[in-house]
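Chemist: My structure is in structure_34.csv, and what it holds is CSV, C-alpha atoms:
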chain,number,residue,atom,x,y,z
U,30,MET,CA,147.2,96.3,106.7
U,31,ALA,CA,148.2,99.7,108.1
U,32,ILE,CA,151.7,99.3,106.6
U,33,GLN,CA,150.2,98.3,103.2
U,34,MET,CA,147.9,101.4,103.3
U,35,ASN,CA,150.8,103.7,104.1
U,36,ILE,CA,152.9,102.3,101.2
U,37,ALA,CA,150.0,102.7,98.9
U,38,ILE,CA,149.5,106.3,99.9
U,39,THR,CA,153.2,107.1,99.5
U,40,ALA,CA,153.2,105.6,96.0
U,41,LEU,CA,150.1,107.4,95.1
U,42,LEU,CA,151.4,110.8,96.2
U,43,LEU,CA,154.7,110.2,94.4
U,44,LEU,CA,152.7,109.6,91.3
U,45,PHE,CA,150.7,112.8,91.8
U,46,THR,CA,153.8,114.9,92.2
U,47,LEU,CA,154.6,114.1,88.6
U,48,ILE,CA,151.3,115.5,87.3
U,49,PRO,CA,152.2,119.2,87.2
U,50,ILE,CA,155.3,118.6,85.1
U,51,VAL,CA,153.4,116.6,82.4
U,52,GLU,CA,153.5,118.8,79.3
U,53,CYS,CA,150.0,119.8,78.3
U,54,THR,CA,148.2,122.5,76.4
U,55,ASP,CA,146.3,125.3,78.3
U,56,ILE,CA,142.9,126.5,77.1
U,57,ASP,CA,141.4,129.5,78.8
U,58,VAL,CA,137.6,129.8,79.2
U,59,VAL,CA,137.9,133.6,78.9
U,60,ALA,CA,140.4,134.0,76.1
U,61,ASN,CA,139.4,131.0,74.1
U,62,PHE,CA,135.7,130.5,74.8
U,63,GLY,CA,134.3,134.0,75.6
U,64,ALA,CA,133.6,133.5,79.3
U,65,VAL,CA,132.9,136.7,81.3
U,66,ALA,CA,134.0,137.1,85.0
U,67,ASP,CA,131.2,139.5,85.9
U,68,GLY,CA,129.2,137.3,88.3
U,69,GLN,CA,126.2,137.6,86.0
U,70,THR,CA,127.1,135.9,82.7
U,71,ASP,CA,126.6,132.1,82.8
U,72,LEU,CA,129.8,130.2,82.5
U,73,SER,CA,128.1,126.9,81.7
U,74,GLN,CA,128.3,126.9,77.9
U,75,PRO,CA,131.9,128.2,77.7
U,76,LEU,CA,133.0,125.6,80.3
U,77,MET,CA,131.2,122.8,78.5
U,78,ASN,CA,132.8,123.8,75.2
U,79,ALA,CA,136.2,123.9,76.8
U,80,TRP,CA,135.6,120.5,78.4
U,81,LYS,CA,134.5,118.9,75.1
U,82,GLU,CA,137.6,120.1,73.3
U,83,ALA,CA,139.9,119.1,76.1
U,84,CYS,CA,138.3,115.7,76.6
U,85,ALA,CA,138.5,114.9,72.9
U,86,SER,CA,142.2,115.8,72.7
U,87,PRO,CA,144.7,112.9,72.4
U,88,GLU,CA,147.2,114.9,74.4
U,89,PRO,CA,146.8,116.2,78.0
U,90,VAL,CA,144.9,119.5,78.3
U,91,ASN,CA,144.6,122.0,81.1
U,92,ILE,CA,141.4,124.0,81.3
U,93,VAL,CA,142.0,127.4,83.0
U,94,ILE,CA,139.3,129.4,84.7
U,95,PRO,CA,141.2,132.7,85.6
U,96,GLU,CA,140.7,134.8,88.7
U,97,GLY,CA,137.4,136.6,88.9
U,98,THR,CA,133.8,135.7,89.9
U,99,TYR,CA,131.7,133.6,87.5
U,100,LEU,CA,128.0,132.7,87.6
U,101,LEU,CA,127.7,129.0,86.9
U,102,SER,CA,124.1,127.7,86.5
U,103,GLU,CA,125.3,124.0,86.3
U,104,ALA,CA,128.0,121.9,84.8
U,105,THR,CA,128.0,118.2,83.7
U,106,LEU,CA,131.5,117.2,82.8
U,107,ASN,CA,131.5,113.7,81.5
U,108,GLY,CA,134.2,111.3,80.1
U,109,PRO,CA,135.7,109.1,79.2
U,110,CYS,CA,138.4,111.4,77.8
U,111,GLN,CA,141.2,110.6,75.4
U,112,ALA,CA,144.1,111.7,77.7
U,113,PRO,CA,144.6,113.1,81.2
U,114,ILE,CA,142.7,116.3,81.8
U,115,SER,CA,143.1,119.1,84.4
U,116,LEU,CA,140.9,121.9,85.6
U,117,GLN,CA,142.8,124.9,87.0
U,118,LEU,CA,140.3,126.9,88.9
U,119,GLN,CA,141.7,130.2,90.0
U,120,GLY,CA,138.4,132.2,90.3
U,121,THR,CA,135.2,131.8,92.2
U,122,LEU,CA,132.2,129.9,90.7
U,123,MET,CA,128.8,131.0,92.1
U,124,ALA,CA,125.8,128.8,92.0
U,125,PRO,CA,122.3,130.2,91.6
U,126,GLU,CA,120.9,131.1,95.0
U,127,ASP,CA,117.4,129.8,94.3
U,128,PRO,CA,117.4,126.0,94.7
U,129,THR,CA,114.2,125.6,92.7
U,130,VAL,CA,116.1,126.3,89.4
U,131,PHE,CA,117.9,123.0,89.6
U,132,LYS,CA,116.2,120.1,87.8
U,133,GLU,CA,118.5,117.6,89.5
U,134,PRO,CA,120.1,117.7,93.0
U,135,THR,CA,123.5,118.5,91.5
U,136,TRP,CA,125.4,121.7,90.7
U,137,VAL,CA,128.7,120.4,89.3
U,138,SER,CA,129.2,116.7,88.3
U,139,ILE,CA,132.3,115.0,86.9
U,140,SER,CA,131.8,111.4,85.7
U,141,TYR,CA,133.7,108.6,84.0
U,142,VAL,CA,137.0,110.4,84.0
U,143,ASP,CA,140.5,108.8,84.5
U,144,SER,CA,143.5,110.9,85.5
U,145,LEU,CA,141.8,114.2,86.5
U,146,THR,CA,143.7,116.9,88.3
U,147,MET,CA,141.7,119.8,89.8
U,148,PHE,CA,143.8,122.6,91.4
U,149,GLY,CA,144.4,126.4,91.4
U,150,GLY,CA,143.1,127.8,94.7
U,151,GLY,CA,139.6,128.5,93.4
U,152,VAL,CA,136.2,128.3,95.1
U,153,PHE,CA,132.9,126.5,94.4
U,154,ASP,CA,130.4,128.8,96.2
U,155,GLY,CA,127.0,127.0,96.4
U,156,GLN,CA,125.3,130.1,97.9
U,157,GLY,CA,123.3,127.8,100.1
U,158,ALA,CA,122.2,130.1,103.0
U,159,THR,CA,118.7,130.6,101.5
U,160,ALA,CA,118.2,126.8,101.1
U,161,TRP,CA,119.3,125.5,104.5
U,162,GLY,CA,115.9,126.3,106.0
U,163,GLN,CA,114.2,124.2,103.4
U,164,ASN,CA,116.2,121.1,104.2
U,165,ASP,CA,114.1,118.7,106.2
U,166,CYS,CA,115.4,115.4,104.6
U,167,SER,CA,116.5,114.1,108.0
U,168,LYS,CA,112.8,113.8,109.1
U,169,ASN,CA,110.8,113.9,105.8
U,170,LYS,CA,111.1,110.9,103.5
U,171,ASN,CA,109.4,112.8,100.7
U,172,CYS,CA,111.6,115.9,100.9
U,173,VAL,CA,112.9,117.8,97.9
U,174,LYS,CA,116.6,116.9,97.4
U,175,LEU,CA,118.8,120.0,97.3
U,176,PRO,CA,121.8,120.3,95.0
U,177,ILE,CA,125.2,119.0,96.0
U,178,ASN,CA,128.1,121.3,95.1
U,179,ILE,CA,130.4,118.7,93.4
U,180,ARG,CA,129.7,115.1,92.5
U,181,PHE,CA,132.5,112.7,91.5
U,182,HIS,CA,131.1,109.6,89.9
U,183,ASN,CA,133.3,106.8,88.5
U,184,VAL,CA,136.4,109.0,88.7
U,185,LYS,CA,139.7,107.2,88.8
U,186,ASN,CA,143.4,108.0,89.6
U,187,SER,CA,142.7,111.6,90.3
U,188,LEU,CA,143.9,114.5,92.5
U,189,ILE,CA,141.8,117.3,93.9
U,190,GLN,CA,144.2,119.8,95.4
U,191,ASP,CA,144.0,123.4,96.9
U,192,ILE,CA,140.3,123.8,96.1
U,193,THR,CA,137.5,125.2,98.3
U,194,THR,CA,133.9,124.3,98.4
U,195,LYS,CA,131.7,126.8,100.2
U,196,ASP,CA,128.1,127.1,101.5
U,197,SER,CA,126.7,124.1,99.6
U,198,LYS,CA,122.9,123.7,99.7
U,199,GLN,CA,123.4,120.0,100.6
U,200,PHE,CA,126.5,117.8,100.7
U,201,HIS,CA,129.6,119.7,99.6
U,202,VAL,CA,131.2,116.7,97.9
U,203,ASN,CA,129.8,113.3,97.0
U,204,VAL,CA,132.3,110.5,95.9
U,205,LEU,CA,130.5,107.5,94.4
U,206,GLY,CA,132.0,104.6,92.5
U,207,CYS,CA,135.5,106.1,92.4
U,208,SER,CA,138.9,104.6,92.8
U,209,ASN,CA,142.3,106.1,93.8
U,210,ILE,CA,141.1,109.6,94.3
U,211,THR,CA,142.9,112.0,96.6
U,212,PHE,CA,141.7,115.3,98.2
U,213,GLN,CA,144.7,117.2,99.5
U,214,SER,CA,144.8,120.7,101.0
U,215,PHE,CA,141.1,120.7,100.4
U,216,THR,CA,138.8,123.2,102.2
U,217,VAL,CA,135.1,122.9,103.1
U,218,SER,CA,133.6,126.1,104.5
U,219,ALA,CA,130.1,126.5,105.8
U,220,PRO,CA,128.6,127.7,109.1
U,221,GLU,CA,127.4,125.4,111.9
U,222,GLU,CA,123.8,126.1,111.1
U,223,SER,CA,124.0,124.7,107.5
U,224,LEU,CA,121.8,121.6,107.6
U,225,ASN,CA,122.7,118.3,105.9
U,226,THR,CA,125.9,119.7,104.5
U,227,ASP,CA,128.4,116.8,104.9
U,228,GLY,CA,131.9,117.9,103.9
U,229,ILE,CA,133.0,114.8,101.9
U,230,HIS,CA,130.6,111.9,101.6
U,231,ILE,CA,132.0,108.6,100.2
U,232,GLY,CA,130.1,105.6,99.0
U,233,ARG,CA,130.9,102.4,97.0
U,234,SER,CA,134.5,103.6,96.3
U,235,ASP,CA,137.9,102.0,96.7
U,236,GLY,CA,141.0,104.0,97.6
U,237,VAL,CA,139.9,107.5,98.7
U,238,TYR,CA,142.5,109.7,100.5
U,239,ILE,CA,141.6,112.9,102.4
U,240,LEU,CA,144.9,114.5,103.4
U,241,ASP,CA,145.9,117.7,105.2
U,242,SER,CA,142.5,119.4,104.8
U,243,LYS,CA,140.2,121.7,106.7
U,244,ILE,CA,136.5,121.1,107.0
U,245,GLU,CA,134.0,123.4,108.7
U,246,THR,CA,130.4,122.6,108.1
U,247,GLY,CA,127.0,121.9,109.7
U,248,ASP,CA,127.0,118.1,109.4
U,249,ASP,CA,129.6,115.3,109.3
U,250,CYS,CA,133.0,116.6,108.2
U,251,VAL,CA,133.6,113.2,106.5
U,252,SER,CA,131.0,110.5,106.2
U,253,LEU,CA,131.3,107.0,104.8
U,254,GLY,CA,128.4,105.1,103.3
U,255,ASP,CA,128.3,101.5,102.4
U,256,GLY,CA,130.9,100.0,100.0
U,257,SER,CA,133.6,102.4,101.2
U,258,ASN,CA,136.9,100.5,101.1
U,259,ASN,CA,140.5,101.5,101.7
U,260,VAL,CA,139.8,105.0,102.9
U,261,LYS,CA,142.4,107.1,104.7
U,262,VAL,CA,141.6,110.4,106.4
U,263,GLN,CA,144.9,112.0,107.7
U,264,GLY,CA,145.8,115.4,108.9
U,265,VAL,CA,142.2,116.7,108.8
U,266,THR,CA,141.0,119.5,111.0
U,267,CYS,CA,137.2,119.2,111.6
U,268,GLY,CA,134.9,121.7,113.2
U,269,PRO,CA,132.4,123.0,113.5
U,270,GLY,CA,130.5,119.9,112.3
U,271,HIS,CA,129.2,116.5,113.5
U,272,GLY,CA,132.5,114.8,113.4
U,273,ILE,CA,134.0,112.0,111.3
U,274,SER,CA,131.3,109.2,110.8
U,275,ILE,CA,130.9,105.8,109.3
U,276,GLY,CA,127.3,105.3,108.5
U,277,SER,CA,124.6,105.3,109.1
U,278,LEU,CA,124.5,101.7,107.9
U,279,GLY,CA,121.7,99.1,107.5
U,280,LYS,CA,118.8,101.2,106.4
U,281,TYR,CA,118.6,100.0,102.8
U,282,ASN,CA,118.6,96.6,101.0
U,283,ASN,CA,121.8,95.3,99.4
U,284,GLU,CA,124.3,97.6,101.2
U,285,GLU,CA,127.9,96.7,100.4
U,286,PRO,CA,130.5,96.0,103.2
U,287,ILE,CA,132.9,98.6,104.5
U,288,SER,CA,136.5,97.6,105.0
U,289,GLY,CA,139.9,99.2,105.5
U,290,VAL,CA,139.3,102.7,107.0
U,291,PHE,CA,142.1,104.6,108.7
U,292,VAL,CA,141.5,108.0,110.4
U,293,THR,CA,144.8,109.3,111.8
U,294,GLN,CA,146.5,112.5,113.0
U,295,CYS,CA,143.2,114.5,112.9
U,296,THR,CA,142.0,117.3,115.2
U,297,LEU,CA,138.3,117.8,116.0
U,298,ALA,CA,137.2,121.0,117.7
U,299,ASN,CA,133.7,122.0,118.9
U,300,THR,CA,132.0,119.3,117.0
U,301,MET,CA,128.7,117.6,118.0
U,302,ASN,CA,130.5,114.2,117.8
U,303,GLY,CA,134.0,112.9,117.5
U,304,VAL,CA,134.8,109.7,115.7
U,305,ARG,CA,131.6,107.7,115.2
U,306,ILE,CA,130.2,104.5,113.7
U,307,LYS,CA,126.4,104.3,113.5
U,308,THR,CA,124.0,101.6,112.3
U,309,TRP,CA,120.2,101.3,112.4
U,310,PRO,CA,118.4,98.9,114.7
U,311,ALA,CA,116.0,96.6,112.9
U,312,SER,CA,118.4,96.9,110.0
U,313,GLN,CA,119.2,95.1,106.8
U,314,PRO,CA,122.2,92.8,107.1
U,315,GLY,CA,125.7,94.3,106.6
U,316,SER,CA,129.2,94.5,107.9
U,317,ALA,CA,132.0,97.0,108.6
U,318,THR,CA,135.4,95.8,109.5
U,319,ASP,CA,139.1,96.8,109.8
U,320,ILE,CA,138.3,100.3,111.0
U,321,HIS,CA,140.9,102.3,112.9
U,322,PHE,CA,141.0,105.7,114.6
U,323,GLU,CA,144.5,106.7,115.9
U,324,ASP,CA,146.3,109.9,117.1
U,325,ILE,CA,143.2,112.0,117.3
U,326,THR,CA,143.0,115.3,119.3
U,327,MET,CA,139.5,116.3,120.7
U,328,ASP,CA,138.9,119.9,121.7
U,329,ASN,CA,135.5,120.4,123.4
U,330,VAL,CA,133.9,117.6,121.4
U,331,GLY,CA,130.6,115.9,122.2
U,332,ASN,CA,130.7,112.1,122.3
U,333,PRO,CA,134.4,111.9,121.4
U,334,ILE,CA,134.3,108.1,120.8
U,335,LEU,CA,131.0,106.7,119.8
U,336,VAL,CA,129.8,103.3,118.4
U,337,ASP,CA,126.0,103.5,118.1
U,338,GLN,CA,124.1,100.5,116.8
U,339,GLU,CA,120.9,102.0,118.1
U,340,TYR,CA,121.0,105.0,115.8
U,341,CYS,CA,117.4,106.1,115.5
U,342,PRO,CA,117.0,109.8,114.6
U,343,TRP,CA,113.4,111.2,114.8
U,344,ASN,CA,112.2,107.8,116.0
U,345,GLN,CA,112.2,106.3,112.5
U,346,CYS,CA,112.9,102.8,113.5
U,347,ASP,CA,112.1,99.9,115.9
U,348,LEU,CA,114.6,99.9,118.8
U,349,SER,CA,113.3,96.6,120.0
U,350,VAL,CA,114.9,94.8,117.1
U,351,PRO,CA,118.8,94.7,117.1
U,352,SER,CA,120.9,95.9,114.3
U,353,ARG,CA,122.1,93.2,111.9
U,354,VAL,CA,125.2,95.0,110.8
U,355,GLN,CA,128.3,93.2,112.1
U,356,LEU,CA,131.1,95.5,113.4
U,357,SER,CA,134.6,93.9,113.8
U,358,LYS,CA,138.2,94.7,114.0
U,359,LEU,CA,137.7,98.2,115.4
U,360,SER,CA,140.5,100.1,117.2
U,361,PHE,CA,140.7,103.5,119.0
U,362,LYS,CA,144.2,104.4,119.9
U,363,ASN,CA,145.9,107.5,121.3
U,364,ILE,CA,142.8,109.6,121.5
U,365,ARG,CA,143.1,112.6,123.9
U,366,GLY,CA,141.6,115.9,124.8
U,367,THR,CA,138.4,117.4,126.2
U,368,SER,CA,134.8,116.2,126.0
U,369,LYS,CA,131.7,118.5,126.2
U,370,THR,CA,129.6,115.5,127.2
U,371,GLN,CA,130.1,113.4,130.3
U,372,ILE,CA,129.9,110.2,128.3
U,373,ALA,CA,133.3,110.4,126.6
U,374,VAL,CA,133.4,106.8,125.4
U,375,LYS,CA,130.3,105.1,124.3
U,376,LEU,CA,130.3,101.7,122.7
U,377,ILE,CA,126.7,100.5,122.2
U,378,CYS,CA,126.9,97.4,120.0
U,379,SER,CA,124.1,95.1,118.7
U,380,SER,CA,122.6,92.6,121.1
U,381,GLY,CA,122.1,90.3,118.0
U,382,LEU,CA,125.6,90.7,116.6
U,383,PRO,CA,128.0,91.9,119.3
U,384,CYS,CA,131.0,93.9,118.2
U,385,ASP,CA,134.0,91.6,117.7
U,386,GLU,CA,137.8,92.4,118.1
U,387,VAL,CA,137.5,95.9,119.5
U,388,GLU,CA,140.6,97.6,121.0
U,389,LEU,CA,140.9,100.7,123.2
U,390,ALA,CA,144.5,101.9,123.7
U,391,ASP,CA,145.8,105.1,125.4
U,392,ILE,CA,142.5,107.0,125.8
U,393,ASP,CA,142.8,110.2,127.8
U,394,LEU,CA,139.6,112.3,127.6
U,395,THR,CA,138.5,114.7,130.3
U,396,TYR,CA,135.2,116.4,131.2
U,397,ASN,CA,134.7,119.3,133.5
U,398,GLY,CA,130.9,119.6,133.6
U,399,PRO,CA,128.6,119.7,136.7
U,400,GLU,CA,127.7,116.0,136.5
U,401,GLY,CA,131.2,114.9,137.5
U,402,PRO,CA,134.1,113.4,135.6
U,403,ALA,CA,134.0,111.7,132.2
U,404,ILE,CA,132.6,108.2,132.0
U,405,SER,CA,132.8,105.3,129.6
U,406,GLN,CA,129.8,103.1,128.6
U,407,CYS,CA,129.8,99.7,126.8
U,408,SER,CA,127.1,97.3,125.8
U,409,ASN,CA,127.5,94.0,123.9
U,410,VAL,CA,131.2,94.4,123.5
U,411,HIS,CA,134.4,93.4,125.5
U,412,PRO,CA,137.2,95.5,124.2
U,413,ALA,CA,140.9,94.7,124.6
U,414,LEU,CA,142.5,97.4,126.7
U,415,SER,CA,146.1,98.7,126.9
U,416,GLY,CA,147.8,101.9,128.0
U,417,VAL,CA,146.0,104.8,129.7
U,418,GLN,CA,142.2,104.4,130.1
U,419,ASN,CA,140.7,107.8,131.2
U,420,PRO,CA,137.9,107.4,131.8
U,421,ALA,CA,138.1,103.8,133.0
U,422,ALA,CA,136.9,101.7,130.1
U,423,CYS,CA,133.3,100.4,130.3
U,424,SER,CA,133.0,101.5,133.9
U,425,SER,CA,129.5,102.9,133.6
U,426,GLN,CA,126.3,101.1,132.6
U,427,PRO,CA,124.2,102.5,129.7
U,428,THR,CA,120.8,103.8,130.7
U,429,GLY,CA,118.3,101.0,131.3
U,430,GLU,CA,120.9,98.2,131.7
U,431,ALA,CA,121.5,96.3,134.9
U,432,ALA,CA,125.0,95.8,136.1
U,433,PRO,CA,126.5,92.4,135.3
Would you mind writing the structure in this file as structure tokens?
Modeler:
Amino acid sequence: MAIQMNIAITALLLLFTLIPIVECTDIDVVANFGAVADGQTDLSQPLMNAWKEACASPEPVNIVIPEGTYLLSEATLNGPCQAPISLQLQGTLMAPEDPTVFKEPTWVSISYVDSLTMFGGGVFDGQGATAWGQNDCSKNKNCVKLPINIRFHNVKNSLIQDITTKDSKQFHVNVLGCSNITFQSFTVSAPEESLNTDGIHIGRSDGVYILDSKIETGDDCVSLGDGSNNVKVQGVTCGPGHGISIGSLGKYNNEEPISGVFVTQCTLANTMNGVRIKTWPASQPGSATDIHFEDITMDNVGNPILVDQEYCPWNQCDLSVPSRVQLSKLSFKNIRGTSKTQIAVKLICSSGLPCDEVELADIDLTYNGPEGPAISQCSNVHPALSGVQNPAACSSQPTGEAAP
């Protein structure tokens, strides 16, 4: 499966290298549609007019947003389009600071587009600092949803390259119902105190590639929801943030399976968690399989390797009922570095559906805190072991469990 995934990525990147040389027509939102880069004049209408013209063209069109600072109240960029379309963002787009002006929890949305290229070195600045204190969705089911910087919905065969999303009020990027979409040299920039600001969140998509990117945020750098299949995260630097996470899973009815996730050659620094899979207890049924973490460097990371099938933030669940999400074919290979928690490896699987086909290979994680050296805890799982095991695999019992 890993070989097939690498072949697919190579073919996809070869395809994308051809995109810049496709002959297309440039239209400039300033020169052609009257946009003003003064940080005060709303870009929404000029951008919408440019998008409509480009989307209706039978030939490829490149929309240029030149250098400068533009106020953008919102943008809804819908397809399908008649031909490939590109957005060359060279400037900085600024969202309204006040979250109450948004009718929907979205700032920029791009939907039903095939063969989109977004590039140019520009910035989507969500100006979220004033909103973060209002974000209580993690513990309030009736919270007001804050706007996401960029939503990609049913976008196919597309490349997002050399773009920055900054200080989103909620998630930076949401990828839903997409296929064959690549984020390369992509940057997420937000401080550690920015609440619920996942860098890139993926759901119900097939073929999502996050490559050679830098993510600094206040929540998960990359998070995968249900229905995420054939996802590769490679060469990503994560931190600050909460790590790279699959889940949480099992909270809702009719969640779709997750399969084919490869996280490789990544570095996590000063994050709350490392690589993590989380499912709710007393959950709806579900599954996640064929998930692999390999060649990962941890630098002062909490919980570097974590499988948590008792994920229960704010006590919003019944811990006495096991998770019904089946986890299988999981591997953690060549993961090394330093932990800021004594429990460096924690595999807590469901007592109702124990984890199946789990592998730990060449794990070397150290902890220098006052409690003593790093430890490894396991529950309802019997991993296959190979290579270095530091700490010794499954050598410590989880709290409340008796030794076998």
Chemist: Give the answer as one residue: which of U:Asn344, U:Asn61, U:Asn259, U:Ser352 has the shortest atom-to-atom distance to Ile320 (chain U), using all atoms listed in the file?
Modeler: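 Among the listed residues, the smallest separation from Ile320 (chain U) belongs to U:Asn259.
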Chemist: Please provide as a list in words all residues within 6 Å of Asp196 (chain U), with the sequence filter that same-chain residues fewer than 2 positions apart are discarded (counting only C-alpha atoms).
Modeler: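 Surrounding residues, per the criterion: Gly155, Gln156, Gly157 and Ala219 of chain U.
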Chemist: What is the CA of Gly264 (chain U) to CA of Ser138 (chain U) distance in Å?
Modeler: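 Going from CA of Gly264 (chain U) over to CA of Ser138 (chain U) covers 26.5 Å.
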Chemist: Mind listing whatever residues come within 12 Å of the point (137.1, 113.3, 113.3)? Use all atoms listed in the file, file coordinates, and give them as a ChimeraX atom specification.
Modeler: /U:228,239,242-245,248-252,261-275,291-306,321-328,330-335,361,364
Chemist: Would you mind exporting the chosen residues as a compact mmCIF listing (two decimals), in the coordinates of the input, restricted to C-alpha atoms?
Modeler:
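Generated file (out.txt):
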# COMPACT_ATOMS: atom_id res chain seq x y z
CA GLY U 228 131.90 117.90 103.90
CA ILE U 239 141.60 112.90 102.40
CA SER U 242 142.50 119.40 104.80
CA LYS U 243 140.20 121.70 106.70
CA ILE U 244 136.50 121.10 107.00
CA GLU U 245 134.00 123.40 108.70
CA ASP U 248 127.00 118.10 109.40
CA ASP U 249 129.60 115.30 109.30
CA CYS U 250 133.00 116.60 108.20
CA VAL U 251 133.60 113.20 106.50
CA SER U 252 131.00 110.50 106.20
CA LYS U 261 142.40 107.10 104.70
CA VAL U 262 141.60 110.40 106.40
CA GLN U 263 144.90 112.00 107.70
CA GLY U 264 145.80 115.40 108.90
CA VAL U 265 142.20 116.70 108.80
CA THR U 266 141.00 119.50 111.00
CA CYS U 267 137.20 119.20 111.60
CA GLY U 268 134.90 121.70 113.20
CA PRO U 269 132.40 123.00 113.50
CA GLY U 270 130.50 119.90 112.30
CA HIS U 271 129.20 116.50 113.50
CA GLY U 272 132.50 114.80 113.40
CA ILE U 273 134.00 112.00 111.30
CA SER U 274 131.30 109.20 110.80
CA ILE U 275 130.90 105.80 109.30
CA PHE U 291 142.10 104.60 108.70
CA VAL U 292 141.50 108.00 110.40
CA THR U 293 144.80 109.30 111.80
CA GLN U 294 146.50 112.50 113.00
CA CYS U 295 143.20 114.50 112.90
CA THR U 296 142.00 117.30 115.20
CA LEU U 297 138.30 117.80 116.00
CA ALA U 298 137.20 121.00 117.70
CA ASN U 299 133.70 122.00 118.90
CA THR U 300 132.00 119.30 117.00
CA MET U 301 128.70 117.60 118.00
CA ASN U 302 130.50 114.20 117.80
CA GLY U 303 134.00 112.90 117.50
CA VAL U 304 134.80 109.70 115.70
CA ARG U 305 131.60 107.70 115.20
CA ILE U 306 130.20 104.50 113.70
CA HIS U 321 140.90 102.30 112.90
CA PHE U 322 141.00 105.70 114.60
CA GLU U 323 144.50 106.70 115.90
CA ASP U 324 146.30 109.90 117.10
CA ILE U 325 143.20 112.00 117.30
CA THR U 326 143.00 115.30 119.30
CA MET U 327 139.50 116.30 120.70
CA ASP U 328 138.90 119.90 121.70
CA VAL U 330 133.90 117.60 121.40
CA GLY U 331 130.60 115.90 122.20
CA ASN U 332 130.70 112.10 122.30
CA PRO U 333 134.40 111.90 121.40
CA ILE U 334 134.30 108.10 120.80
CA LEU U 335 131.00 106.70 119.80
CA PHE U 361 140.70 103.50 119.00
CA ILE U 364 142.80 109.60 121.50
Chemist: Neighbouring residues of Asn225 (chain U) were defined as those with any atom within 9 Å, considering only C-alpha atoms; residues of the same chain fewer than 4 positions away were excluded. Please report them as a ChimeraX atom specification.
Modeler: /U:161,164-167,198-200,247-249
Chemist: Rounded to one decimal in Å, what is the spacing between CA of Ile404 (chain U) and CA of Ala422 (chain U)?
Modeler: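 Straight-line distance from CA of Ile404 (chain U) to CA of Ala422 (chain U) works out to 8.0 Å.
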Chemist: Quick check, in Å to one decimal: how far apart do CA of Met147 (chain U) and CA of Thr216 (chain U) lie?
Modeler: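 These atoms are spaced 13.2 Å apart.
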Chemist: Just the residues within 10 Å of region 79-83 of chain U, please, counting only C-alpha atoms, with nothing from its chain fewer than 3 positions along; format it as a PyMOL selection string.
Modeler: chain U and resi 54-58+61-62+73-76+86-93+105-108+110-116
Chemist: If you count only C-alpha atoms, which residues fall within 8 Å of Asn419 (chain U), apart from same-chain ones fewer than 3 positions away, as a list in words?
Modeler: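 In the requested form, the answer reads Ile392, Asp393, Leu394, Thr395, Ala403 and Ala422 of chain U.
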Chemist: Might you pull out every residue within 6 Å of Ala66 (chain U), with only C-alpha atoms counted and same-chain residues fewer than 3 positions away left off, and present them as a list in words?
Modeler: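 Selected residues are Gly97, Thr98 and Tyr99 of chain U.
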Chemist: Could those residues be written to a file, using C-alpha atoms, as a PDB file, in the coordinates of the input?
Modeler:
ATOM      1  CA  GLY U  97     137.400 136.600  88.900  1.00  0.00           C
ATOM      2  CA  THR U  98     133.800 135.700  89.900  1.00  0.00           C
ATOM      3  CA  TYR U  99     131.700 133.600  87.500  1.00  0.00           C
TER       4      TYR U  99
END
Chemist: Ranking U:Ala390, U:Leu348, U:Ala317, U:Leu175 by minimum distance to Asp255 (chain U) and counting all atoms listed in the file, which one comes first?
Modeler: U:Ala317
